[in-house]
Amino acid sequence: MKKREGEVIIVQKLQFEAAWDKTIAKQDRLIIEQLFHQTKDEDTEEISCCFVRKALNHRQQLLLTVLIHNRSGDVLNFQNREVTCTTTKGVFAKTFTIPNLNIPPHTSMPWTFIFDDEEEFLFTEVLHVDIQ
């Protein structure tokens with residue numbers, strides 16, 4: 001936190017989950033850092049996502065990588081959290097429980113969500129990703 005003339009200004013910080021921090025490619029880290037700096041100060045909802053990329057894995061599952069901004073004063077956990085993706089082709093959603101994914105207050109963190117049977121959305125434009 002930074003203080004300015006008696007008022008407290010909260011600073012959003014970027015954090016990588018421990019395994020990501022050890023294994024992320026330099027180019028991917030740079031992309032995420034740039035996206036963070038472009039979007040960290042947006043005055044939007046307390047919880048928001050910025051689309052990073054999508055891909056298919058060897059099981060034909062859609063991998064959706066996003067930068068999650070937790071601008072709230074509470075820890076964001078992933079116990080029965082719905083992630084919804086709106087594309088030009090439609091909307092798909094899945095409820096996730098990820099015990100080890102806890103995003104501290106005023107912290108942004110990248111994460112990849114895996115969606116089964118959604119490969120039809122691979123070649124469509126992502127318009128919005130939302131976390132409930």
# chains A, B, ... in the order shown; residues from 1 in each chain; ligands from 1
>>> residues_around(residues="Glu82 (chain A)", least_positions_apart="2", cutoff="10 Å", atoms="only C-alpha atoms", output="PyMOL selection string")
chain A and resi 78-80+84-85+93-97+130-132
>>> residues_around(residues="region 117-129 of chain A", least_positions_apart="2", cutoff="7 Å", atoms="only C-alpha atoms", output="count of residues only")
15
>>> atom_distance(atom1="CA of Pro105 (chain A)", atom2="CA of Leu14 (chain A)")
11.1 Å
>>> residues_around(residues="Lys13 (chain A)", least_positions_apart="3", cutoff="7 Å", atoms="only C-alpha atoms", output="list in words")
His106, Thr107 and Ser108 of chain A
>>> write_last_selection(atoms="C-alpha atoms", output="short mmCIF file (atom, residue, chain, number, x, y, z; two decimals), in the first residue's frame")
data_model
loop_
_atom_site.label_atom_id
_atom_site.label_comp_id
_atom_site.auth_asym_id
_atom_site.auth_seq_id
_atom_site.Cartn_x
_atom_site.Cartn_y
_atom_site.Cartn_z
CA HIS A 106 -5.64 -6.76 -4.48
CA THR A 107 -3.68 -9.36 -6.44
CA SER A 108 -3.76 -10.49 -10.05
#
>>> select_by_dssp(residues="region 20-117 of chain A", states="alpha helix (DSSP H)", output="JSON, numbers by chain")
{"A": [20, 21, 22, 23, 26, 27, 28, 29, 30, 31, 32, 33, 34, 35, 36, 37, 38, 39]}
>>> write_last_selection(atoms="C-alpha atoms", output="short mmCIF file (atom, residue, chain, number, x, y, z; two decimals), in the first residue's frame")
data_model
loop_
_atom_site.label_atom_id
_atom_site.label_comp_id
_atom_site.auth_asym_id
_atom_site.auth_seq_id
_atom_site.Cartn_x
_atom_site.Cartn_y
_atom_site.Cartn_z
CA TRP A 20 3.87 -21.24 -12.76
CA ASP A 21 6.65 -19.04 -11.41
CA LYS A 22 9.18 -21.85 -11.87
CA THR A 23 8.07 -23.07 -15.29
CA LYS A 26 10.04 -15.81 -20.55
CA GLN A 27 7.87 -14.77 -23.50
CA ASP A 28 4.67 -15.84 -21.72
CA ARG A 29 5.74 -14.03 -18.54
CA LEU A 30 6.34 -10.87 -20.57
CA ILE A 31 2.90 -11.11 -22.22
CA ILE A 32 1.21 -11.52 -18.83
CA GLU A 33 3.23 -8.70 -17.24
CA GLN A 34 2.31 -6.35 -20.11
CA LEU A 35 -1.37 -7.29 -19.86
CA PHE A 36 -1.24 -6.74 -16.09
CA HIS A 37 0.24 -3.24 -16.48
CA GLN A 38 -2.37 -2.37 -19.13
CA THR A 39 -5.36 -3.54 -17.08
#
>>> atom_distance(atom1="CA of Gln15 (chain A)", atom2="CA of Asn102 (chain A)")
11.1 Å
>>> select_by_dssp(residues="chain A", states="strand (DSSP E)", output="PyMOL selection string")
chain A and resi 2-4+7-9+13-14+47-56+62-70+76-87+90-103+107-115+126-131
>>> atom_distance(atom1="CA of Val52 (chain A)", atom2="CA of Val66 (chain A)")
5.0 Å
>>> closest_residue(among="A:Val75, A:Leu67, A:Cys50, A:Ile9", to="Met109 (chain A)", atoms="only C-alpha atoms")
A:Leu67
